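*Asks:* For reference, this is final-v1.tsv, and it has TSV, C-alpha atoms and all ligand atoms.
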chain	number	residue	atom	x	y	z
G	126	MET	CA	0.00	0.00	0.00
G	127	ALA	CA	1.54	3.35	-0.94
G	128	ALA	CA	0.96	6.53	1.03
G	129	GLY	CA	-1.89	8.50	-0.57
G	130	SER	CA	-2.99	12.08	-0.04
G	131	GLN	CA	-4.66	11.41	3.32
G	132	PRO	CA	-2.76	11.14	6.60
G	133	VAL	CA	-2.09	7.56	7.65
G	134	LEU	CA	-3.36	5.94	10.85
G	135	LEU	CA	-1.35	2.85	11.72
G	136	PHE	CA	-3.29	0.28	13.76
G	137	ALA	CA	-0.70	-1.74	15.69
G	138	CYS	CA	-2.41	-3.52	18.58
G	139	GLU	CA	-1.46	-6.88	20.00
G	140	GLY	CA	-3.86	-9.54	21.31
G	141	VAL	CA	-7.05	-8.11	19.80
G	142	ASP	CA	-9.40	-9.09	16.97
G	143	THR	CA	-7.58	-7.13	14.27
G	144	LEU	CA	-10.09	-7.94	11.52
G	145	ALA	CA	-13.03	-6.65	13.58
G	146	TRP	CA	-11.06	-3.49	14.38
G	147	ARG	CA	-10.09	-2.97	10.75
G	148	ASP	CA	-13.70	-3.27	9.61
G	149	ALA	CA	-14.98	-0.95	12.37
G	150	LEU	CA	-12.27	1.67	11.77
G	151	GLU	CA	-12.75	1.55	7.99
G	152	ALA	CA	-16.48	2.16	8.48
G	153	ALA	CA	-15.93	5.02	10.92
G	154	LEU	CA	-12.94	6.86	9.41
G	155	SER	CA	-13.29	9.11	6.41
G	156	SER	CA	-10.33	11.47	6.40
G	157	VAL	CA	-7.42	9.14	7.10
G	158	GLU	CA	-5.93	6.12	5.38
G	159	LEU	CA	-5.81	3.03	7.60
G	160	TRP	CA	-2.79	0.76	7.67
G	161	VAL	CA	-2.74	-2.37	9.79
G	162	TRP	CA	0.62	-3.49	11.19
G	163	PRO	CA	2.79	-5.11	9.87
G	164	ASP	CA	1.58	-3.64	6.57
G	165	ALA	CA	3.31	-0.26	6.94
G	166	PRO	CA	5.48	0.24	3.85
G	167	ASP	CA	6.55	3.80	4.62
G	168	ALA	CA	7.33	4.71	8.25
G	169	ASP	CA	7.57	8.41	7.31
G	170	ALA	CA	3.92	8.44	6.18
G	171	VAL	CA	2.50	7.40	9.54
G	172	VAL	CA	0.91	10.39	11.27
G	173	PHE	CA	-1.37	8.69	13.82
G	174	GLY	CA	-0.92	5.44	15.70
G	175	MET	CA	-3.34	3.17	17.46
G	176	ALA	CA	-1.47	1.30	20.17
G	177	TRP	CA	-1.82	-1.65	22.53
G	178	GLY	CA	0.73	-4.11	23.82
G	179	ASN	CA	3.58	-2.90	21.61
G	180	PRO	CA	7.16	-3.74	22.51
G	181	PRO	CA	9.20	-0.85	23.96
G	182	GLY	CA	10.71	1.30	21.21
G	183	PHE	CA	8.01	0.39	18.65
G	184	TRP	CA	6.63	3.92	18.13
G	185	ARG	CA	9.97	5.64	17.90
G	186	SER	CA	10.33	4.22	14.36
G	187	PHE	CA	7.71	6.67	13.02
G	188	PRO	CA	9.36	10.11	12.81
G	189	ASN	CA	6.23	12.03	11.72
G	190	LEU	CA	3.88	10.68	14.36
G	191	GLN	CA	1.54	13.40	15.68
G	192	ALA	CA	-0.66	11.49	18.15
G	193	ILE	CA	-1.16	8.02	19.58
G	194	PHE	CA	-4.59	6.55	20.31
G	195	SER	CA	-4.57	3.94	23.07
G	196	LEU	CA	-6.85	0.99	22.42
G	197	GLY	CA	-7.29	0.66	26.17
G	198	ALA	CA	-8.39	3.00	28.93
G	199	GLY	CA	-5.23	2.34	30.92
G	200	VAL	CA	-2.07	3.88	29.46
G	201	ASP	CA	0.44	2.61	32.03
G	202	GLY	CA	1.87	0.15	29.47
G	203	LEU	CA	2.40	2.86	26.85
G	204	LEU	CA	3.89	5.34	29.31
G	205	ALA	CA	6.30	2.69	30.60
G	206	ASP	CA	8.10	2.93	27.23
G	207	ALA	CA	10.86	5.46	27.90
G	208	THR	CA	11.36	5.93	24.16
G	209	LEU	CA	7.75	6.89	23.43
G	210	PRO	CA	7.66	9.99	21.18
G	211	ALA	CA	6.49	13.14	23.01
G	212	VAL	CA	3.16	13.36	21.17
G	213	PRO	CA	-0.33	13.60	22.67
G	214	ILE	CA	-1.76	10.27	23.79
G	215	VAL	CA	-5.53	9.93	23.50
G	216	ARG	CA	-6.86	7.28	25.85
G	217	MET	CA	-9.88	5.08	25.23
G	218	VAL	CA	-13.21	6.29	26.56
G	219	ASP	CA	-15.63	3.76	25.10
G	220	PRO	CA	-19.20	3.70	26.42
G	221	SER	CA	-19.32	-0.09	25.99
G	222	LEU	CA	-16.14	-0.49	28.05
G	223	ALA	CA	-17.76	1.50	30.86
G	224	ASP	CA	-20.95	-0.60	30.58
G	225	GLY	CA	-18.81	-3.73	30.98
G	226	MET	CA	-17.03	-2.39	34.05
G	227	VAL	CA	-20.36	-1.44	35.63
G	228	GLU	CA	-21.67	-4.97	34.98
G	229	PHE	CA	-18.57	-6.51	36.51
G	230	VAL	CA	-18.41	-4.30	39.59
G	231	VAL	CA	-22.13	-4.56	40.29
G	232	MET	CA	-22.04	-8.34	39.80
G	233	ARG	CA	-19.15	-8.86	42.22
G	234	THR	CA	-20.39	-6.29	44.75
G	235	LEU	CA	-23.74	-8.09	44.89
G	236	HIS	CA	-21.90	-11.42	45.09
G	237	HIS	CA	-19.97	-10.28	48.17
G	238	HIS	CA	-22.88	-8.30	49.66
G	239	ARG	CA	-25.10	-11.42	49.49
G	240	LEU	CA	-22.26	-13.52	50.97
G	241	VAL	CA	-22.01	-15.91	48.02
G	242	HIS	CA	-18.28	-16.20	48.74
G	243	VAL	CA	-19.27	-17.75	52.10
G	244	TYR	CA	-21.84	-20.09	50.52
G	245	GLU	CA	-19.19	-21.27	48.04
G	246	GLN	CA	-17.05	-22.37	50.97
G	247	GLN	CA	-20.07	-23.84	52.79
G	248	GLN	CA	-20.94	-25.87	49.70
G	249	ALA	CA	-17.44	-27.36	49.68
G	250	ASN	CA	-18.31	-28.83	53.11
G	251	ALA	CA	-22.01	-29.55	52.38
G	252	THR	CA	-22.94	-26.98	55.03
G	253	TRP	CA	-26.50	-25.55	55.00
G	254	ARG	CA	-26.41	-22.23	56.87
G	255	PRO	CA	-28.45	-19.27	55.62
G	256	LEU	CA	-26.82	-15.95	56.48
G	257	ARG	CA	-28.69	-12.65	56.54
G	258	PRO	CA	-26.75	-9.80	54.91
G	259	PRO	CA	-27.19	-6.25	56.21
G	260	ARG	CA	-29.83	-4.19	54.43
G	261	ILE	CA	-28.35	-2.74	51.25
G	262	GLY	CA	-28.54	0.80	52.59
G	263	ARG	CA	-26.31	-0.22	55.48
G	264	ARG	CA	-23.63	-1.84	53.28
G	265	ARG	CA	-20.63	0.46	52.94
G	266	VAL	CA	-18.93	0.23	49.56
G	267	GLY	CA	-15.87	2.29	48.65
G	268	VAL	CA	-14.84	2.94	45.05
G	269	MET	CA	-11.23	3.99	44.39
G	270	GLY	CA	-11.10	5.98	41.14
G	271	LEU	CA	-14.07	8.10	40.07
G	272	GLY	CA	-13.23	8.57	36.41
G	273	GLU	CA	-15.02	7.29	33.32
G	274	LEU	CA	-15.26	3.78	34.78
G	275	GLY	CA	-15.21	4.25	38.56
G	276	GLY	CA	-17.63	7.17	38.41
G	277	ARG	CA	-20.17	5.07	36.50
G	278	CYS	CA	-19.67	2.15	38.92
G	279	ALA	CA	-20.12	4.34	42.00
G	280	ARG	CA	-23.32	5.81	40.59
G	281	ALA	CA	-24.71	2.40	39.64
G	282	LEU	CA	-24.01	1.07	43.15
G	283	ALA	CA	-25.61	4.14	44.72
G	284	ASP	CA	-28.66	3.67	42.46
G	285	LEU	CA	-28.98	0.09	43.74
G	286	GLY	CA	-29.12	1.49	47.28
G	287	PHE	CA	-25.61	0.83	48.61
G	288	GLN	CA	-23.98	3.36	50.92
G	289	VAL	CA	-21.25	4.47	48.52
G	290	ARG	CA	-18.05	6.40	49.06
G	291	GLY	CA	-15.65	7.39	46.32
G	292	TRP	CA	-12.02	8.44	46.24
G	293	SER	CA	-10.29	10.47	43.54
G	294	ARG	CA	-7.15	12.58	43.15
G	295	ARG	CA	-8.96	15.89	42.94
G	296	PRO	CA	-12.21	16.93	44.63
G	297	LYS	CA	-15.27	15.56	42.87
G	298	ALA	CA	-19.02	15.69	43.42
G	299	LEU	CA	-21.16	12.69	42.45
G	300	GLU	CA	-24.83	12.42	43.28
G	301	GLY	CA	-25.50	9.80	45.94
G	302	VAL	CA	-21.80	9.24	46.62
G	303	GLU	CA	-19.81	10.56	49.58
G	304	THR	CA	-16.54	11.71	48.05
G	305	PHE	CA	-12.99	11.98	49.37
G	306	HIS	CA	-9.80	12.93	47.60
G	307	GLY	CA	-6.04	12.85	47.74
G	308	PRO	CA	-3.75	11.07	50.19
G	309	ALA	CA	-5.24	13.08	53.08
G	310	GLY	CA	-8.73	11.80	52.27
G	311	LEU	CA	-7.76	8.15	51.95
G	312	PRO	CA	-7.98	7.08	55.63
G	313	ALA	CA	-11.44	8.58	56.12
G	314	PHE	CA	-12.57	7.06	52.80
G	315	ALA	CA	-11.37	3.58	53.79
G	316	ASP	CA	-12.50	3.59	57.44
G	317	GLY	CA	-15.10	0.88	57.90
G	318	CYS	CA	-15.60	0.07	54.19
G	319	GLU	CA	-17.04	-3.43	53.83
G	320	ILE	CA	-16.52	-3.82	50.10
G	321	LEU	CA	-13.61	-2.02	48.45
G	322	VAL	CA	-13.55	-1.60	44.68
G	323	CYS	CA	-10.39	-0.47	42.85
G	324	VAL	CA	-10.75	1.08	39.39
G	325	LEU	CA	-7.70	3.33	39.57
G	326	PRO	CA	-5.13	3.89	36.86
G	327	LEU	CA	-1.61	2.69	37.62
G	328	THR	CA	0.68	5.64	38.34
G	329	SER	CA	3.65	6.28	40.62
G	330	GLU	CA	1.13	7.47	43.22
G	331	THR	CA	-1.19	4.47	43.07
G	332	GLU	CA	1.32	1.61	42.78
G	333	GLY	CA	1.03	-0.61	45.88
G	334	ILE	CA	-1.92	1.35	47.22
G	335	LEU	CA	-3.86	-1.83	48.08
G	336	ASN	CA	-1.66	-2.68	51.03
G	337	ALA	CA	-1.76	-3.72	54.71
G	338	GLN	CA	-2.12	-0.12	55.92
G	339	LEU	CA	-5.23	0.37	53.81
G	340	PHE	CA	-6.66	-3.07	54.64
G	341	ALA	CA	-6.29	-2.28	58.37
G	342	ARG	CA	-8.79	0.57	57.94
G	343	LEU	CA	-11.50	-1.56	56.34
G	344	ALA	CA	-14.24	-3.26	58.34
G	345	PRO	CA	-13.06	-6.66	59.64
G	346	GLY	CA	-13.98	-9.32	57.08
G	347	ALA	CA	-14.20	-6.81	54.21
G	348	CYS	CA	-14.14	-7.91	50.55
G	349	LEU	CA	-11.92	-6.54	47.80
G	350	ILE	CA	-12.80	-6.15	44.12
G	351	GLN	CA	-9.67	-5.26	42.16
G	352	ALA	CA	-10.15	-4.26	38.51
G	353	GLY	CA	-7.48	-1.55	38.16
G	354	ARG	CA	-4.00	-2.86	37.48
G	355	GLY	CA	-2.08	-5.70	39.14
G	356	ALA	CA	0.64	-3.47	40.56
G	357	HIS	CA	-1.89	-1.64	42.75
G	358	LEU	CA	-1.95	-4.70	45.00
G	359	VAL	CA	0.75	-5.79	47.44
G	360	GLU	CA	0.03	-9.47	47.00
G	361	ALA	CA	1.73	-10.62	50.23
G	362	ASP	CA	-0.36	-8.10	52.20
G	363	LEU	CA	-3.55	-9.52	50.70
G	364	LEU	CA	-2.53	-13.09	51.53
G	365	ASP	CA	-1.79	-12.00	55.14
G	366	ALA	CA	-5.11	-10.13	55.38
G	367	LEU	CA	-6.97	-13.21	54.08
G	368	ALA	CA	-5.14	-15.43	56.59
G	369	SER	CA	-6.03	-13.14	59.50
G	370	GLY	CA	-9.63	-12.68	58.36
G	371	ARG	CA	-9.12	-8.92	57.99
G	372	ILE	CA	-10.21	-9.55	54.40
G	373	ALA	CA	-12.75	-12.33	53.90
G	374	ALA	CA	-12.64	-12.62	50.12
G	375	ALA	CA	-11.15	-10.99	47.05
G	376	THR	CA	-12.21	-10.80	43.43
G	377	LEU	CA	-9.07	-10.15	41.39
G	378	ASP	CA	-9.24	-9.32	37.69
G	379	VAL	CA	-5.74	-7.93	37.20
G	380	PHE	CA	-2.34	-9.19	38.31
G	381	ARG	CA	1.29	-8.13	38.51
G	382	SER	CA	2.10	-10.94	36.14
G	383	GLU	CA	-0.46	-11.73	33.40
G	384	PRO	CA	-1.35	-14.46	32.60
G	385	LEU	CA	-1.24	-15.37	36.30
G	386	PRO	CA	1.46	-18.08	36.57
G	387	PRO	CA	-0.01	-21.57	37.22
G	388	GLU	CA	1.94	-21.92	40.48
G	389	HIS	CA	0.60	-18.64	41.94
G	390	ALA	CA	-1.09	-18.99	45.37
G	391	PHE	CA	-4.15	-17.01	44.20
G	392	TRP	CA	-5.29	-19.80	41.85
G	393	ARG	CA	-6.02	-22.23	44.67
G	394	HIS	CA	-6.84	-19.83	47.52
G	395	PRO	CA	-10.41	-20.43	48.74
G	396	GLY	CA	-10.85	-16.72	49.45
G	397	VAL	CA	-9.76	-15.53	46.02
G	398	ARG	CA	-11.71	-15.54	42.77
G	399	VAL	CA	-9.37	-15.17	39.80
G	400	ILE	CA	-10.79	-13.51	36.65
G	401	PRO	CA	-8.39	-13.35	33.65
G	402	HIS	CA	-8.35	-9.56	33.07
G	403	ALA	CA	-11.84	-9.73	31.66
G	404	ALA	CA	-13.75	-7.18	33.74
G	405	ALA	CA	-14.41	-4.94	30.75
G	406	PHE	CA	-13.63	-4.97	27.04
G	407	THR	CA	-13.32	-2.32	24.39
G	408	TYR	CA	-15.77	-2.99	21.54
G	409	PRO	CA	-14.53	-2.07	18.05
G	410	GLU	CA	-17.95	-1.00	16.79
G	411	THR	CA	-18.42	1.64	19.51
G	412	ALA	CA	-14.77	2.49	20.13
G	413	ALA	CA	-14.01	3.13	16.45
G	414	GLU	CA	-16.64	5.90	16.46
G	415	VAL	CA	-14.92	7.49	19.45
G	416	VAL	CA	-11.51	7.29	17.75
G	417	ALA	CA	-12.94	8.75	14.53
G	418	ALA	CA	-14.51	11.67	16.40
G	419	ASN	CA	-11.26	12.47	18.24
G	420	LEU	CA	-9.22	12.11	15.03
G	421	GLY	CA	-11.57	14.55	13.32
G	422	ARG	CA	-11.04	17.06	16.14
G	423	LEU	CA	-7.26	16.67	15.90
G	424	LEU	CA	-7.33	17.17	12.12
G	425	ARG	CA	-9.49	20.30	12.48
G	426	GLY	CA	-7.20	21.64	15.21
G	427	GLU	CA	-9.98	21.46	17.81
G	428	PRO	CA	-9.42	20.51	21.45
G	429	VAL	CA	-9.57	16.79	22.14
G	430	ALA	CA	-10.91	15.36	25.39
G	431	ASP	CA	-9.34	12.27	26.89
G	432	ILE	CA	-5.74	13.36	26.33
G	433	VAL	CA	-3.40	11.78	28.85
G	434	ASP	CA	-1.64	14.10	31.28
G	435	PRO	CA	1.90	12.74	31.24
G	436	GLN	CA	2.68	14.38	34.61
G	437	ALA	CA	-0.27	12.71	36.34
G	438	GLY	CA	0.35	9.45	34.44
G	439	TYR	CA	-3.24	8.84	33.29
T	501	LIG	P1	-10.00	7.89	34.30
T	501	LIG	O1	-8.74	8.57	33.95
T	501	LIG	O2	-11.26	8.34	33.67
T	501	LIG	O3	-10.23	7.96	35.88
T	501	LIG	C1	-9.22	7.71	36.79
T	501	LIG	C2	-9.73	8.00	38.19
T	501	LIG	O4	-8.71	7.64	39.13
T	501	LIG	C3	-10.03	9.50	38.39
T	501	LIG	O5	-11.15	9.67	39.23
T	501	LIG	C4	-8.76	9.98	39.10
T	501	LIG	O6	-8.95	11.11	39.91
T	501	LIG	C5	-8.45	8.78	39.96
T	501	LIG	N1	-7.04	8.81	40.36
T	501	LIG	C6	-5.93	8.82	39.58
T	501	LIG	N2	-4.82	8.91	40.33
T	501	LIG	C7	-5.23	8.98	41.62
T	501	LIG	C8	-4.56	9.14	42.85
T	501	LIG	N3	-3.24	9.25	42.93
T	501	LIG	N4	-5.30	9.19	43.97
T	501	LIG	C9	-6.66	9.11	43.92
T	501	LIG	N5	-7.37	8.97	42.77
T	501	LIG	C10	-6.65	8.91	41.63
T	501	LIG	O7	-9.75	6.33	34.03
T	501	LIG	P2	-10.84	5.21	33.69
T	501	LIG	O8	-11.92	5.27	34.69
T	501	LIG	O9	-11.21	5.27	32.26
T	501	LIG	O10	-9.95	3.88	33.89
T	501	LIG	C11	-9.39	3.62	35.14
T	501	LIG	C12	-8.49	2.39	35.07
T	501	LIG	O11	-9.27	1.19	34.97
T	501	LIG	C13	-7.56	2.29	33.88
T	501	LIG	O12	-6.45	3.15	34.01
T	501	LIG	C14	-7.16	0.83	33.93
T	501	LIG	O13	-6.08	0.67	34.82
T	501	LIG	C15	-8.40	0.15	34.53
T	501	LIG	N6	-9.12	-0.66	33.54
T	501	LIG	C16	-9.28	-2.00	33.79
T	501	LIG	C17	-9.97	-2.78	32.92
T	501	LIG	C18	-10.20	-4.23	33.23
T	501	LIG	O14	-10.77	-4.94	32.41
T	501	LIG	N7	-9.80	-4.69	34.40
T	501	LIG	C19	-10.55	-2.25	31.69
T	501	LIG	C20	-10.32	-0.85	31.51
T	501	LIG	C21	-9.62	-0.10	32.41
T	501	LIG	P3	-9.43	12.51	39.26
T	501	LIG	O15	-10.92	12.32	38.99
T	501	LIG	O16	-9.18	13.50	40.35
T	501	LIG	O17	-8.63	12.72	38.01
T	502	LIG	C1	-7.90	-1.21	29.52
T	502	LIG	C2	-7.91	-2.63	29.86
T	502	LIG	O1	-7.11	-0.46	30.09
T	502	LIG	O2	-8.52	-3.42	29.11
T	502	LIG	O3	-8.69	-0.80	28.65
T	502	LIG	O4	-7.34	-3.02	30.89
Please, can you express the file's structure as C-alpha cells?
Ligand code: NDP
Ligand code: OXD

*Replies:*
Amino acid sequence: MAAGSQPVLLFACEGVDTLAWRDALEAALSSVELWVWPDAPDADAVVFGMAWGNPPGFWRSFPNLQAIFSLGAGVDGLLADATLPAVPIVRMVDPSLADGMVEFVVMRTLHHHRLVHVYEQQQANATWRPLRPPRIGRRRVGVMGLGELGGRCARALADLGFQVRGWSRRPKALEGVETFHGPAGLPAFADGCEILVCVLPLTSETEGILNAQLFARLAPGACLIQAGRGAHLVEADLLDALASGRIAAATLDVFRSEPLPPEHAFWRHPGVRVIPHAAAFTYPETAAEVVAANLGRLLRGEPVADIVDPQAGY
C-alpha cells in the first residue's frame, strides 16, 4: 500500500481481533488512510498510531507521528516505554467499556454483599447455613477511582441502594456518593468500608496502594474487588489479610504478572476468585466511532478530550 494524499493511521495492537477493528475503523474513518501493522510500507507516512501491547521502542520508528490513540483506557503500558515519542496520547473512553465495568463491579459487589463467597465455601463442606446480609442501605462500599469507569460504577451502586463512598485525586461531586480525595482523604474514605472496589489507573502514586495499611482501615472481614491494574496490589499483604480474616474474600481481575502463573497462590486460595483480566472490554464498533470523532477534532485543530496528562500518568 503506498501513502496516498490522506494522513495515515497505523493500527498496531497486540492480542485483539484485528479484523473486527479494521472493519470498524474503515467504516468510521473518512479522512485518514488506515494501515494495519505489519503492513506499513513507509514509516515516514505514519501520522497517527493506534497502540496496545507494543514492545518498547516500537513507536519511535515513526518520525512524523503526531498522536497516539490507546486501544485501552489504561495507558500505564504505553507510558512505561521510555522511548515513546512526546506526542499527545488519547486514551480510550468507550461507552461499551464503561458498561462492561459497571456490569462486573455490580455483579461482584452483589456477590460479596449477598455472601455468596461464604456459601461457596459452605458448599465445599455440604454446610447448610443461611446468612442474613445487612440491608443494602447499610452496606458500605468504597470505590477507588471516580473517572469514566469508577464514576459510572459508583453511581450504579448508589442507584442500587448501597452506601457508597468514592475516592479520587482531585475533589469531585457525584450524586448519591460521599466523596474523598487525595492522600489526606484516603484514611477517612477507607475507614469501615465493607466492600472495596479499585478502578484506579496505575501511576507512581497508586502503585502498591492496596496494602496492609489500607486493609487495616476496612471493616473486619471486608471484601476486595480489584479491577485496576495488578501493581496496585501488594500481594503478600492480601494473603496476610486473608489469613487473618481482615479480608474475607477478594475478586481479582488484574495481576502483577499476566497471565497469572499456574503456580501462583491465588489460583487455589479459597478466598480468592481469579478472573483473567476480563472485567471490561473495548468494543470495536463503539470504540471506532470514538476514535474517529477524536481524530476529526485533531485534524481540524480542535481541542480533544481524553488526552493523557503525562505528569499525572493517566
Ligand atoms: P480515568 O482517567 O477516567 O479515571 C481515573 C480515576 O482515578 C479518576 O477519578 C482519578 O482522579 C483517579 N485517580 C488517579 N490517580 C489517583 C490518585 N493518585 N489518587 C486518587 N485517585 C486517583 O480512568 P478510567 O476510569 O477510564 O480507567 C481507570 C483504570 O481502569 C484504567 O487506568 C485501567 O487501569 C483500569 N481498567 C481496567 C480494565 C479491566 O478490564 N480490568 C478495563 C479498563 C480499564 P481525578 O478524577 O481526580 O482525576
Ligand atoms: C484497559 C484494559 O485499560 O482493558 O482498557 O485493561

*Asks:* Of the candidates G:Leu274, G:Val289, G:Ala145, G:Ala152, which one gets nearest to ligand LIG 501 (chain T) if we count all atoms listed in the file?

*Replies:*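 Selected residue with least distance to ligand LIG 501 (chain T): G:Leu274.
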
*Asks:* Using all atoms listed in the file, determine which residues fall within 9 Å of ligand LIG 502 (chain T), then list them as a PyMOL selection string.

*Replies:* chain G and resi 195-201+216-218+222+326+352-354+379+402-407

*Asks:* Would you mind telling me which residue in G:Gln246, G:Thr328, G:Thr252, G:Thr304 lies nearest to Met269 (chain G) when using only C-alpha atoms?

*Replies:*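 The closest residue to Met269 (chain G) is G:Thr304.
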
*Asks:* Give me the residues within 8 Å of Val302 (chain G) as a list in words, counting only C-alpha atoms and dropping any in the same chain fewer than 3 places off.

*Replies:*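 Within the cut-off, the hits are Ala279, Arg280, Ala283, Gln288, Val289, Arg290, Gly291, Ala298 and Leu299 of chain G.
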
*Asks:* Using only C-alpha atoms, which protein or nucleic acid residues come within 8 Å of Trp160 (chain G)? Drop anything in the same chain fewer than 3 positions from it, and give the result as a list in words.

*Replies:* Val133, Leu134, Leu135, Phe136, Asp164 and Ala165 of chain G

*Asks:* Hey, which of G:Gly267, G:Pro163, G:Pro258, G:Gly178 ends up closest to His237 (chain G)? Count only C-alpha atoms.

*Replies:*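 Result for the nearest residue to His237 (chain G): G:Pro258.
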
*Asks:* Hey, which of G:Gly225, G:Pro345, G:Pro210, G:Gly333 ends up closest to Ser186 (chain G)? Count all atoms listed in the file.

*Replies:* G:Pro210

*Asks:* Enter the distance from CA of Leu154 (chain G) to atom C18 of ligand LIG 501 (chain T), in Å, rounded to one decimal.

*Replies:*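 Between CA of Leu154 (chain G) and atom C18 of ligand LIG 501 (chain T) the gap is 26.4 Å.
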
*Asks:* With all atoms listed in the file as the basis for distance, which of G:Trp292, G:Phe314, G:Phe340, G:Trp162 is at the shortest distance from ligand LIG 501 (chain T)?

*Replies:*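 Using all atoms listed in the file, ligand LIG 501 (chain T) sits closest to G:Trp292.
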
*Asks:* Can you work out which one of G:Asn179, G:Gln436, G:Thr234, G:Ser130 has the shortest atom-to-atom distance to ligand LIG 501 (chain T), counting only C-alpha atoms and all ligand atoms?

*Replies:*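 Of G:Asn179, G:Gln436, G:Thr234, G:Ser130, the one nearest ligand LIG 501 (chain T), counting only C-alpha atoms and all ligand atoms, is G:Gln436.
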
*Asks:* Have a look at CA of Val215 (chain G) and CA of Arg294 (chain G) and let me know their distance in Å, one decimal.

*Replies:* 19.9 Å

*Asks:* Distance CA of Ser369 (chain G)-CA of Leu339 (chain G), one decimal place?

*Replies:*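 The value is 14.7 Å.
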
*Asks:* Give, as lines of an AutoDock Vina configuration file, the centre coordinates and the x, y and z edge lengths in Å to one decimal for an axis-aligned box around all listed atoms of ligand LIG 501 (chain T), padded by 4 Å on each side.

*Replies:*
center_x = -7.6
center_y = 4.3
center_z = 37.7
size_x = 16.7
size_y = 26.4
size_z = 20.5

*Asks:* Please write as a PyMOL selection string the list of polymer residues whose atoms come within 10 Å of (-2.9, -14.4, 27.7), counting only C-alpha atoms and keeping to the coordinates of the file.

*Replies:* chain G and resi 140+383-385+401-402

*Asks:* Within 10 Å of region 239-245 of chain G, counting all atoms listed in the file, which residues qualify if same-chain residues fewer than 5 places away don't, as a ChimeraX atom specification?

*Replies:* /G:233-234,250-261,348,373-376,395-398

*Asks:* Would you kindly return, as a ChimeraX atom specification, each protein, DNA or RNA residue with an atom no farther than 10 Å from any atom of Gly307 (chain G), considering all atoms listed in the file and excluding same-chain residues fewer than 3 positions away?

*Replies:* /G:292-296,310-312

*Asks:* Using all atoms listed in the file, find all polymer residues with an atom at most 8 Å away from the point (-6.3, 10.7, 21.1); report them as number ranges by chain.

*Replies:* G: 192-195, 213-217, 416, 419-420, 423, 429-432

*Asks:* Excluding same-chain residues fewer than 3 positions from Ala211 (chain G), what lies within 12 Å of it counting all atoms listed in the file, as an MDAnalysis selection string?

*Replies:* chainID G and resid 184:185 187:193 203:204 206:208 214 433:435

*Asks:* Any chance you could model all heavy atoms for region 433-437 of chain G and send them as an mmCIF file, in the frame of the given file?

*Replies:*
data_model
loop_
_atom_site.group_PDB
_atom_site.id
_atom_site.type_symbol
_atom_site.label_atom_id
_atom_site.label_comp_id
_atom_site.auth_asym_id
_atom_site.auth_seq_id
_atom_site.Cartn_x
_atom_site.Cartn_y
_atom_site.Cartn_z
ATOM 1 N N VAL G 433 -4.105 12.181 27.635
ATOM 2 C CA VAL G 433 -3.400 11.780 28.850
ATOM 3 C C VAL G 433 -2.523 12.929 29.339
ATOM 4 O O VAL G 433 -1.872 13.612 28.545
ATOM 5 C CB VAL G 433 -2.533 10.548 28.543
ATOM 6 C CG1 VAL G 433 -1.615 10.213 29.708
ATOM 7 C CG2 VAL G 433 -3.420 9.369 28.176
ATOM 8 N N ASP G 434 -2.540 13.125 30.665
ATOM 9 C CA ASP G 434 -1.640 14.100 31.280
ATOM 10 C C ASP G 434 -0.379 13.343 31.688
ATOM 11 O O ASP G 434 -0.401 12.565 32.643
ATOM 12 C CB ASP G 434 -2.352 14.697 32.514
ATOM 13 C CG ASP G 434 -1.432 15.574 33.353
ATOM 14 O OD1 ASP G 434 -0.225 15.648 33.038
ATOM 15 O OD2 ASP G 434 -1.932 16.170 34.322
ATOM 16 N N PRO G 435 0.726 13.557 30.960
ATOM 17 C CA PRO G 435 1.900 12.740 31.240
ATOM 18 C C PRO G 435 2.447 12.946 32.661
ATOM 19 O O PRO G 435 3.029 12.030 33.238
ATOM 20 C CB PRO G 435 2.937 13.191 30.200
ATOM 21 C CG PRO G 435 2.280 14.188 29.337
ATOM 22 C CD PRO G 435 0.943 14.547 29.909
ATOM 23 N N GLN G 436 2.221 14.128 33.224
ATOM 24 C CA GLN G 436 2.680 14.380 34.610
ATOM 25 C C GLN G 436 1.900 13.505 35.581
ATOM 26 O O GLN G 436 2.467 12.866 36.468
ATOM 27 C CB GLN G 436 2.461 15.853 35.003
ATOM 28 C CG GLN G 436 3.306 16.834 34.240
ATOM 29 C CD GLN G 436 4.791 16.490 34.345
ATOM 30 O OE1 GLN G 436 5.279 16.026 35.370
ATOM 31 N NE2 GLN G 436 5.509 16.688 33.254
ATOM 32 N N ALA G 437 0.567 13.488 35.430
ATOM 33 C CA ALA G 437 -0.270 12.710 36.340
ATOM 34 C C ALA G 437 -0.165 11.209 36.056
ATOM 35 O O ALA G 437 -0.402 10.388 36.928
ATOM 36 C CB ALA G 437 -1.728 13.162 36.230
#
